[in-house]
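Chemist: upload23.txt is reproduced in full below (compact mmCIF, C-alpha atoms).
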# COMPACT_ATOMS: atom_id res chain seq x y z
CA MET C 1 113.07 33.40 56.79
CA ARG C 2 109.93 33.64 58.90
CA PHE C 3 111.96 35.39 61.63
CA LEU C 4 113.35 37.86 59.09
CA GLY C 5 109.88 38.52 57.68
CA ASN C 6 108.41 39.21 61.13
CA TYR C 7 111.38 41.46 61.91
CA LEU C 8 110.87 43.54 58.74
CA LEU C 9 107.12 43.73 59.39
CA ASN C 10 107.70 44.98 62.92
CA MET C 11 110.24 47.54 61.72
CA ARG C 12 107.80 48.78 59.07
CA SER C 13 105.08 49.16 61.74
CA LEU C 14 107.48 51.07 63.96
CA ALA C 15 108.41 53.38 61.07
CA VAL C 16 104.73 54.11 60.35
CA THR C 17 104.09 54.82 64.04
CA LEU C 18 107.04 57.18 64.24
CA ALA C 19 105.93 58.97 61.08
CA LEU C 20 102.44 59.46 62.49
CA PHE C 21 103.89 60.71 65.78
CA ALA C 22 106.11 63.16 63.92
CA ASP C 23 103.12 64.48 61.96
CA VAL C 24 101.16 64.97 65.17
CA ARG C 25 104.14 66.66 66.83
CA GLN C 26 104.58 69.06 63.93
CA SER C 27 100.89 69.98 63.72
CA GLY C 28 100.21 70.06 67.45
CA GLY C 29 97.14 67.91 66.82
CA ARG C 30 95.70 64.98 68.75
CA TYR C 31 96.52 61.34 68.18
CA GLY C 32 95.28 58.56 70.38
CA GLY C 33 93.78 61.20 72.76
CA VAL C 34 97.17 62.76 73.62
CA MET C 35 98.01 66.34 72.73
CA ASP C 36 101.67 66.88 71.81
CA THR C 37 102.33 70.59 72.19
CA ARG C 38 105.10 73.11 72.25
CA CYS C 39 105.63 74.32 75.82
CA VAL C 40 106.78 77.89 76.35
CA HIS C 41 108.12 78.86 79.81
CA ILE C 42 108.09 82.63 80.31
CA THR C 43 110.44 84.18 82.87
CA GLY C 44 111.60 87.53 84.23
CA ALA C 45 109.58 90.72 84.32
CA GLN C 46 107.05 89.40 81.80
CA SER C 47 106.32 86.36 83.95
CA CYS C 48 105.63 88.70 86.90
CA GLN C 49 103.49 90.90 84.64
CA LEU C 50 101.35 87.91 83.64
CA LEU C 51 101.20 86.73 87.26
CA ARG C 52 99.75 90.09 88.29
CA LEU C 53 97.22 89.93 85.46
CA ALA C 54 96.30 86.36 86.43
CA ARG C 55 95.47 87.46 89.99
CA GLU C 56 92.64 89.57 88.60
CA GLY C 57 91.66 86.89 86.08
CA LYS C 58 90.21 89.07 83.32
CA VAL C 59 92.89 88.88 80.62
CA VAL C 60 94.48 85.63 81.77
CA THR C 61 93.99 83.11 84.53
CA ALA C 62 96.48 80.53 85.74
CA VAL C 63 96.44 77.09 87.34
CA ARG C 64 99.25 75.43 89.23
CA VAL C 65 100.91 72.50 87.51
CA ASP C 66 102.81 70.17 89.81
CA GLU C 67 105.07 68.28 87.43
CA VAL C 68 106.41 70.40 84.58
CA GLN C 69 109.86 69.98 83.12
CA LEU C 70 111.53 72.73 81.13
CA SER C 71 111.71 71.91 77.44
CA SER C 72 114.23 73.10 74.86
CA LEU C 73 113.04 75.36 72.08
CA ASP C 74 112.15 73.70 68.81
CA PRO C 75 114.99 74.30 66.29
CA SER C 76 112.43 75.95 63.96
CA VAL C 77 111.80 78.73 66.48
CA ARG C 78 114.15 81.56 65.61
CA CYS C 79 112.09 84.59 66.58
CA LEU C 80 108.84 85.53 68.26
CA GLN C 81 106.87 85.22 65.03
CA ASP C 82 107.69 81.51 64.89
CA LEU C 83 105.78 81.02 68.14
CA ASN C 84 102.60 82.49 66.61
CA THR C 85 101.75 84.55 69.69
CA PRO C 86 100.18 87.85 68.57
CA ASP C 87 97.92 88.01 71.64
CA LEU C 88 100.80 87.50 74.04
CA THR C 89 102.77 90.16 72.18
CA ARG C 90 99.85 92.57 72.54
CA ILE C 91 99.31 91.93 76.24
CA LEU C 92 102.98 92.20 77.18
CA GLY C 93 103.75 95.07 74.81
CA ILE C 94 106.66 93.15 73.29
CA ARG C 95 108.64 95.10 70.71
CA ASN C 96 112.20 95.52 69.50
CA GLY C 97 114.43 96.08 72.49
CA TYR C 98 111.87 94.52 74.85
CA PRO C 99 112.09 90.81 74.00
CA LEU C 100 110.10 87.88 75.31
CA GLU C 101 112.22 86.05 77.89
CA LEU C 102 111.99 82.25 78.05
CA LEU C 103 113.46 79.61 80.35
CA ILE C 104 115.25 76.63 78.82
CA PRO C 105 117.04 73.66 80.44
CA GLY C 106 120.31 73.85 78.50
CA SER C 107 122.41 76.04 76.26
CA LYS C 108 121.80 74.10 73.02
CA SER C 109 118.61 76.01 72.19
CA ARG C 110 119.76 79.48 73.23
CA ARG C 111 118.22 82.40 71.32
CA TRP C 112 119.29 86.05 71.43
CA THR C 113 117.35 88.22 69.00
CA SER C 114 115.61 91.59 69.12
CA ASP C 115 112.33 89.99 70.23
CA LEU C 116 113.32 86.68 71.87
CA ARG C 117 115.78 85.88 74.65
CA THR C 118 116.44 82.67 76.56
CA LYS C 119 117.77 82.01 80.05
CA VAL C 120 119.19 78.65 81.10
CA LEU C 121 117.90 77.09 84.34
CA SER C 122 119.51 73.68 84.64
CA ALA C 123 118.85 73.18 88.38
CA PRO C 124 116.05 70.78 89.40
CA ILE C 125 112.83 72.66 90.11
CA PRO C 126 110.65 71.59 93.07
CA ALA C 127 107.06 70.59 92.33
CA GLY C 128 104.66 73.48 91.85
CA GLY C 129 107.21 75.82 90.30
CA PHE C 130 105.04 76.81 87.33
CA LEU C 131 101.54 78.07 86.58
CA GLU C 132 99.89 77.34 83.25
CA LEU C 133 98.21 80.30 81.56
CA LEU C 134 94.57 80.03 80.47
CA PRO C 135 92.24 82.60 78.85
CA GLY C 136 90.66 85.07 81.26
CA THR C 137 87.01 85.92 81.87
CA ASP C 138 86.98 89.04 79.66
CA THR C 139 86.05 87.43 76.35
CA GLU C 140 86.96 90.48 74.25
CA ASN C 141 90.47 91.02 75.65
CA ALA C 142 91.38 87.58 77.00
CA LEU C 143 94.56 85.85 75.91
CA HIS C 144 94.05 83.54 72.92
CA ILE C 145 96.26 80.46 73.05
CA PRO C 146 96.93 78.95 69.61
CA ASP C 147 96.52 75.21 69.10
CA GLY C 148 99.67 73.29 69.85
CA LEU C 149 101.00 75.79 72.40
CA ARG C 150 101.03 75.79 76.19
CA PHE C 151 102.24 78.85 78.08
CA PHE C 152 103.74 78.64 81.56
CA ILE C 153 104.86 81.37 83.94
CA GLU C 154 106.87 81.09 87.12
CA ALA C 155 104.74 80.45 90.18
CA PRO C 156 105.35 83.01 92.96
CA GLU C 157 107.63 80.55 94.75
CA LEU C 158 109.95 80.11 91.76
CA ALA C 159 109.69 83.82 90.89
CA PHE C 160 110.81 84.61 94.45
CA VAL C 161 113.92 82.47 94.02
CA GLN C 162 114.63 83.89 90.56
CA ARG C 163 114.32 87.42 91.91
CA ALA C 164 116.75 86.55 94.71
CA HIS C 165 119.20 85.42 92.03
CA ALA C 166 118.80 88.72 90.12
CA LEU C 167 119.14 90.82 93.30
CA LYS C 168 122.27 88.94 94.32
CA GLY C 169 123.72 90.02 90.98
CA CYS C 170 122.84 93.65 91.78
CA VAL C 171 124.69 93.33 95.08
CA ALA C 172 127.73 91.84 93.34
CA ARG C 173 127.79 94.82 90.93
CA ASP C 174 127.46 97.32 93.82
CA VAL C 175 124.10 98.51 92.51
CA MET C 176 122.60 98.05 95.99
CA SER C 177 123.54 96.74 99.41
CA ARG C 178 122.63 93.24 100.54
CA HIS C 179 120.27 94.81 103.10
CA ALA C 180 118.40 96.74 100.38
CA ALA C 181 118.30 93.61 98.17
CA LEU C 182 116.75 91.59 100.99
CA LEU C 183 114.10 94.27 101.60
CA ARG C 184 113.32 94.46 97.87
CA LEU C 185 112.86 90.68 97.80
CA LEU C 186 110.66 90.86 100.88
CA GLU C 187 108.55 93.51 99.15
CA PHE C 188 107.83 91.07 96.31
CA GLY C 189 107.00 88.25 98.73
CA ASP C 190 104.55 90.48 100.63
CA GLU C 191 102.71 91.28 97.40
CA CYS C 192 102.49 87.62 96.38
CA CYS C 193 100.98 86.71 99.76
CA GLY C 194 98.88 89.86 100.22
CA TRP C 195 95.60 91.35 99.02
CA TYR C 196 97.01 93.99 96.69
CA THR C 197 98.51 93.86 93.22
CA ARG C 198 101.05 96.26 91.78
CA ASN C 199 100.49 97.70 88.33
CA PRO C 200 101.52 95.03 85.76
CA GLN C 201 103.01 97.62 83.37
CA ASN C 202 104.66 99.84 86.00
CA PRO C 203 105.08 97.97 89.31
CA GLN C 204 107.03 100.68 91.12
CA LYS C 205 105.08 103.81 90.26
CA GLY C 206 101.81 102.65 88.67
CA LYS C 207 98.43 102.57 90.38
CA ILE C 208 98.02 99.71 92.83
CA ARG C 209 94.91 97.53 92.76
CA TYR C 210 93.52 96.67 96.19
CA ASP C 211 91.91 93.25 96.09
CA LYS C 212 89.19 91.54 98.06
CA PRO C 213 89.51 87.84 98.83
CA ASN C 214 86.51 86.97 96.63
CA GLU C 215 87.75 89.10 93.72
CA CYS C 216 91.29 87.83 93.18
CA THR C 217 93.45 84.71 93.42
CA ARG C 218 96.40 84.47 95.77
CA PHE C 219 98.76 81.92 94.28
CA ALA C 220 101.06 81.67 97.31
CA THR C 221 101.32 81.95 101.09
CA PRO C 222 104.44 82.47 103.21
CA GLU C 223 104.35 78.76 104.03
CA THR C 224 104.39 77.65 100.37
CA ILE C 225 107.27 80.02 99.56
CA ARG C 226 109.28 78.81 102.55
CA ALA C 227 108.70 75.15 101.64
CA PHE C 228 109.72 75.76 98.02
CA VAL C 229 112.87 77.67 99.00
CA GLU C 230 113.82 74.94 101.46
CA ASN C 231 113.47 72.24 98.75
CA ALA C 232 115.27 74.19 96.00
CA ARG C 233 118.85 73.28 95.22
CA HIS C 234 121.76 74.61 93.16
CA ILE C 235 120.18 78.00 92.34
CA ASP C 236 122.32 81.06 92.92
CA GLY C 237 120.66 83.41 95.43
CA LEU C 238 119.06 80.77 97.66
CA LYS C 239 120.82 82.10 100.75
CA LEU C 240 119.21 85.52 100.25
CA ALA C 241 115.83 83.88 99.57
CA ARG C 242 116.04 81.74 102.70
CA THR C 243 116.75 84.78 104.85
CA ALA C 244 113.99 86.93 103.33
CA CYS C 245 111.23 84.31 103.34
CA LYS C 246 111.28 84.17 107.16
CA TYR C 247 109.77 87.67 107.30
CA ILE C 248 107.09 87.60 104.57
CA ILE C 249 103.77 89.01 105.80
CA ASP C 250 100.63 86.93 105.26
CA GLU C 251 97.55 88.79 103.96
CA SER C 252 98.87 92.34 104.06
CA GLY C 253 96.36 94.78 102.59
CA SER C 254 98.67 97.35 100.97
CA PRO C 255 102.33 98.28 100.42
CA MET C 256 102.01 100.87 103.19
CA GLU C 257 100.75 98.26 105.64
CA SER C 258 103.68 96.03 104.70
CA TYR C 259 106.13 98.90 105.17
CA ILE C 260 104.78 99.81 108.62
CA ASN C 261 104.63 96.15 109.66
CA HIS C 262 108.28 95.60 108.75
CA GLY C 263 109.36 98.85 110.43
CA LEU C 264 107.86 97.51 113.64
CA ALA C 265 108.58 93.78 113.50
CA LEU C 266 111.85 93.21 111.63
CA PRO C 267 114.96 92.68 113.78
CA PRO C 268 117.18 95.75 114.30
CA ARG C 269 119.85 94.43 111.92
CA LEU C 270 117.24 94.80 109.13
CA GLY C 271 115.84 98.20 110.19
CA GLY C 272 112.95 97.18 112.47
CA VAL C 273 112.71 97.18 116.27
CA SER C 274 111.30 93.67 116.96
CA ILE C 275 108.26 95.17 118.66
CA GLY C 276 106.31 91.96 118.09
CA ILE C 277 104.94 90.37 114.91
CA PRO C 278 101.38 91.62 114.38
CA LEU C 279 98.58 89.71 112.68
CA ALA C 280 97.61 91.36 109.39
CA ASN C 281 93.94 91.71 108.42
CA LYS C 282 92.76 88.87 110.66
CA GLN C 283 89.36 88.72 112.31
CA LEU C 284 89.31 90.33 115.76
CA VAL C 285 88.20 87.69 118.27
CA THR C 286 85.69 88.89 120.89
CA SER C 287 83.03 87.34 123.09
CA GLU C 288 79.48 86.98 121.79
CA GLU C 289 78.30 89.52 124.36
CA ILE C 290 80.74 92.18 123.13
CA LYS C 291 80.09 91.29 119.47
CA ALA C 292 76.38 92.04 119.96
CA SER C 293 77.18 95.61 121.05
CA LEU C 294 79.50 96.43 118.12
CA LYS C 295 78.46 98.46 115.07
CA HIS C 296 80.41 96.12 112.78
CA SER C 297 79.72 92.42 112.38
CA SER C 298 83.35 91.91 111.38
CA LEU C 299 86.51 93.76 112.43
CA ARG C 300 89.77 93.06 110.60
CA PRO C 301 92.36 95.63 111.69
CA ASP C 302 95.37 96.23 109.47
CA MET C 303 97.62 95.08 112.32
CA GLN C 304 96.78 93.60 115.69
CA TRP C 305 98.58 92.23 118.73
CA PRO C 306 95.82 90.14 120.36
CA GLU C 307 97.82 89.31 123.49
CA LEU C 308 98.37 93.06 124.09
CA ARG C 309 94.89 94.05 122.89
CA THR C 310 96.31 96.70 120.57
CA VAL C 311 95.49 97.44 116.92
CA VAL C 312 96.86 99.76 114.24
CA GLU C 313 94.89 101.03 111.25
CA TYR C 314 96.55 102.85 108.36
CA TYR C 315 94.33 105.49 106.74
CA GLY C 316 95.41 106.36 103.21
CA ASP C 317 93.99 109.55 101.76
CA GLU C 318 92.12 107.94 98.85
CA GLU C 319 90.28 105.27 100.82
CA HIS C 320 89.44 107.47 103.80
CA ALA C 321 88.48 110.81 102.23
CA GLY C 322 84.99 112.30 102.55
CA LYS C 323 82.35 112.42 105.26
CA PRO C 324 81.05 108.80 104.92
CA ALA C 325 84.59 107.44 105.29
CA ARG C 326 85.23 109.62 108.35
CA ILE C 327 82.04 108.37 109.99
CA GLU C 328 83.02 104.78 109.21
CA ASP C 329 86.48 105.31 110.71
CA LYS C 330 84.98 106.88 113.87
CA ASN C 331 82.59 103.94 114.31
CA ARG C 332 85.46 101.50 113.87
CA MET C 333 87.54 103.24 116.55
CA GLN C 334 84.56 103.14 118.92
CA ASP C 335 84.14 99.41 118.29
CA TYR C 336 87.78 98.76 119.15
CA ALA C 337 87.35 100.67 122.41
CA THR C 338 84.19 98.68 123.20
CA ALA C 339 86.11 95.44 122.61
CA GLY C 340 88.81 96.60 125.03
CA TYR C 341 91.49 97.32 122.42
CA ALA C 342 93.77 100.35 122.21
CA ALA C 343 93.51 101.58 118.62
CA PHE C 344 96.07 103.71 116.80
CA PRO C 345 94.98 105.27 113.49
CA LEU C 346 98.03 106.20 111.41
CA MET C 347 98.24 108.63 108.50
CA PHE C 348 101.02 109.06 105.97
CA ASP C 349 102.68 111.85 107.97
CA ASP C 350 103.08 109.44 110.90
CA VAL C 351 105.44 107.19 108.91
CA ARG C 352 106.73 109.29 106.02
CA SER C 353 110.36 109.33 107.22
CA ALA C 354 112.67 107.47 109.58
CA ALA C 355 112.16 110.20 112.20
CA ALA C 356 108.35 110.04 111.92
CA LEU C 357 108.36 106.24 112.00
CA GLY C 358 110.55 106.35 115.12
CA LYS C 359 108.02 108.55 116.95
CA THR C 360 105.19 106.18 115.99
CA ILE C 361 107.22 103.22 117.27
CA GLU C 362 107.82 104.99 120.60
CA MET C 363 104.07 105.66 120.91
CA LEU C 364 103.29 101.97 120.45
CA ALA C 365 106.08 100.90 122.82
CA ARG C 366 104.64 103.20 125.49
CA GLU C 367 101.23 101.51 125.06
CA PHE C 368 102.82 98.04 125.23
CA MET C 369 104.47 98.98 128.55
CA LYS C 370 101.05 99.93 129.93
CA ARG C 371 99.85 96.49 128.88
CA GLY C 372 102.56 94.53 130.62
CA VAL C 373 105.66 94.50 128.39
CA SER C 374 108.36 95.39 130.88
CA ARG C 375 110.70 98.26 129.91
CA GLU C 376 109.64 98.09 126.25
CA LEU C 377 109.84 101.85 125.74
CA TYR C 378 113.41 101.98 127.08
CA ARG C 379 114.48 99.06 124.89
CA VAL C 380 113.01 100.71 121.79
CA ARG C 381 114.56 104.09 122.58
CA ARG C 382 117.97 102.48 122.98
CA ILE C 383 117.63 100.91 119.52
CA LEU C 384 116.35 104.10 117.87
CA ARG C 385 119.31 106.13 119.18
CA ASP C 386 121.92 103.72 117.86
CA GLU C 387 123.79 105.27 114.95
CA ASP C 388 124.19 102.03 112.99
CA PHE C 389 120.50 101.28 113.43
CA ARG C 390 119.49 104.70 112.12
CA ALA C 391 121.37 103.95 108.88
CA ARG C 392 119.57 100.60 108.54
CA GLN C 393 116.19 102.20 109.28
CA THR C 394 116.86 104.85 106.63
CA THR C 395 117.52 102.04 104.12
CA LEU C 396 114.24 100.39 105.10
CA VAL C 397 112.28 103.61 104.58
CA ALA C 398 114.00 104.35 101.25
CA THR C 399 113.35 100.82 99.98
CA LEU C 400 109.85 99.98 101.22
CA LEU C 401 108.04 103.33 101.33
CA PRO C 402 106.08 103.35 98.04
CA PRO C 403 107.69 105.78 95.55
CA MET C 404 104.43 107.52 94.71
CA LEU C 405 104.08 108.49 98.37
CA ARG C 406 107.70 109.24 99.18
CA TYR C 407 107.48 112.89 98.21
CA GLY C 408 104.04 113.53 99.62
CA ASN C 409 101.97 112.62 96.56
CA VAL C 410 99.52 110.52 98.54
Represent the structure contained in this file as structure tokens.
Modeler:
Amino acid sequence: MRFLGNYLLNMRSLAVTLALFADVRQSGGRYGGVMDTRCVHITGAQSCQLLRLAREGKVVTAVRVDEVQLSSLDPSVRCLQDLNTPDLTRILGIRNGYPLELLIPGSKSRRWTSDLRTKVLSAPIPAGGFLELLPGTDTENALHIPDGLRFFIEAPELAFVQRAHALKGCVARDVMSRHAALLRLLEFGDECCGWYTRNPQNPQKGKIRYDKPNECTRFATPETIRAFVENARHIDGLKLARTACKYIIDESGSPMESYINHGLALPPRLGGVSIGIPLANKQLVTSEEIKASLKHSSLRPDMQWPELRTVVEYYGDEEHAGKPARIEDKNRMQDYATAGYAAFPLMFDDVRSAAALGKTIEMLAREFMKRGVSRELYRVRRILRDEDFRARQTTLVATLLPPMLRYGNV
């Protein structure tokens, strides 16, 4: 009898504990110092939109979370209103026909409504695949996160793999070639690892924000993307991701810099001429004696080949218009000459087409020959005259040249 009494007492205690846990779970409150919350994992274009906003940090910020497992949607969640996310709806511009897209681990909690869609990702996700959203620094417009909710977006590494999956689907449907898909994926990787941010609402044609290292957060580097892709398993599109991540540029300063860099450095099968991988926006290393005679305390050329003592600067119209900018550019060119570097200032007309880009490449190859690269000009000319290569270079220009510049609207 005593055993039965203790058994019933223990069962009653367990029932009370479970009831309290259920109440906490439903309310999203705290019990015993632990917050039980509803986790929402945003994916797709909206995840990228929030990632771009998080780089600036005004509306939202984000922190990397190492161990996060996808969770199924609560059965009570049938539409966006059930998530109680008016701020998120406002920031993302969610409306009928433009639903919030969420990741879930299995098909049991699928949703497909006018304002809520789910996508199943059942593959194991390497550590660091998600960023948790937090309110930004702009107190008036910052994202408000209701009690009992945690929002996650795909970290750049996972977003890179997810985009590879989507682009592979485009190739399968003959929407684009595999070459164009790889370049489009590379374009996204360059942005994630660079110092510029595409417009969150209109990434292709909207105004680009040019960031300074102390004014924005880079959530990824080429090394972190490569490590993530290498550790990922059972996700469709990994082969494309593993090819593209080899060529991501670290610390590119603009889409135009990325485009020129790839036109020079990518292998011929991808539309470049393998002229040597330049350093992007890295400090020019000089002796203390030379540094004392320069007009600038710091020189970070857009592209440099230190072993060949050659630099390239791209001058966009907006950043380099007006007399003060022209004086600054002249002083910079003089400093490069003082440091013993050959400097090539490029304008949009120098790279606006495959033909123009080819002439610029020949100019650099000629300089590289002067600086010891044997027969470089002849090698480059042979590549540029190849008919198959010209088709691949045309694809590179059509894919990577920013659309707002393609027709001369600099």
Chemist: If we count all atoms listed in the file and set the cut-off at 6 Å, which residues sit around Val311 in chain C, ignoring sequence neighbours fewer than 3 positions away in its own chain? Please answer as a PDB file with C-alpha atoms, in the frame of the given file.
Modeler:
ATOM      1  CA  MET C 303      97.620  95.080 112.320  1.00  0.00           C
ATOM      2  CA  GLN C 304      96.780  93.600 115.690  1.00  0.00           C
ATOM      3  CA  ALA C 343      93.510 101.580 118.620  1.00  0.00           C
TER       4      ALA C 343
END
Chemist: To one decimal place in Å, what is the distance between CA of Glu362 in chain C and CA of Ser298 in chain C?
Modeler: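 Here the two named atoms are 29.2 Å from each other.
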Chemist: How many Å separate CA of Pro86 in chain C from CA of Leu100 in chain C?
Modeler: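 So the two atoms, CA of Pro86 in chain C and CA of Leu100 in chain C, lie 12.0 Å apart.
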Chemist: Nearest residue to Leu80 in chain C out of C:Ser114, C:Asn231, C:Thr61, C:Ser47, using only C-alpha atoms?
Modeler: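 Going through C:Ser114, C:Asn231, C:Thr61, C:Ser47 one by one, the smallest distance to Leu80 in chain C is for C:Ser114.
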Chemist: May I ask for the distance between CA of Arg55 in chain C and CA of Cys216 in chain C, given in Å to one decimal place?
Modeler: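 Separation between CA of Arg55 in chain C and CA of Cys216 in chain C: 5.3 Å.
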Chemist: Can range 202-215 of chain C be brought up to N, CA and C atoms and written out as a tab-separated table (two decimals), in the frame of the given file?
Modeler:
chain	number	residue	atom	x	y	z
C	202	ASN	N	103.73	98.97	85.27
C	202	ASN	CA	104.66	99.84	86.00
C	202	ASN	C	104.58	99.52	87.50
C	203	PRO	N	105.24	98.44	87.93
C	203	PRO	CA	105.08	97.97	89.31
C	203	PRO	C	105.50	98.98	90.37
C	204	GLN	N	106.51	99.78	90.10
C	204	GLN	CA	107.03	100.68	91.12
C	204	GLN	C	106.21	101.95	91.29
C	205	LYS	N	105.73	102.51	90.17
C	205	LYS	CA	105.08	103.81	90.26
C	205	LYS	C	103.64	103.82	89.75
C	206	GLY	N	103.18	102.71	89.18
C	206	GLY	CA	101.81	102.65	88.67
C	206	GLY	C	100.78	102.50	89.78
C	207	LYS	N	99.53	102.66	89.42
C	207	LYS	CA	98.43	102.57	90.38
C	207	LYS	C	98.29	101.15	90.90
C	208	ILE	N	98.14	101.01	92.19
C	208	ILE	CA	98.02	99.71	92.83
C	208	ILE	C	96.55	99.31	92.91
C	209	ARG	N	96.28	98.05	92.63
C	209	ARG	CA	94.91	97.53	92.76
C	209	ARG	C	94.77	96.85	94.12
C	210	TYR	N	93.76	97.26	94.88
C	210	TYR	CA	93.52	96.67	96.19
C	210	TYR	C	92.43	95.61	96.03
C	211	ASP	N	92.77	94.38	96.37
C	211	ASP	CA	91.91	93.25	96.09
C	211	ASP	C	91.09	92.85	97.31
C	212	LYS	N	89.97	92.20	97.02
C	212	LYS	CA	89.19	91.54	98.06
C	212	LYS	C	89.33	90.04	97.86
C	213	PRO	N	89.29	89.28	98.95
C	213	PRO	CA	89.51	87.84	98.83
C	213	PRO	C	88.62	87.14	97.80
C	214	ASN	N	87.40	87.62	97.60
C	214	ASN	CA	86.51	86.97	96.63
C	214	ASN	C	86.66	87.53	95.22
C	215	GLU	N	87.61	88.47	95.03
C	215	GLU	CA	87.75	89.10	93.72
C	215	GLU	C	89.12	88.83	93.08
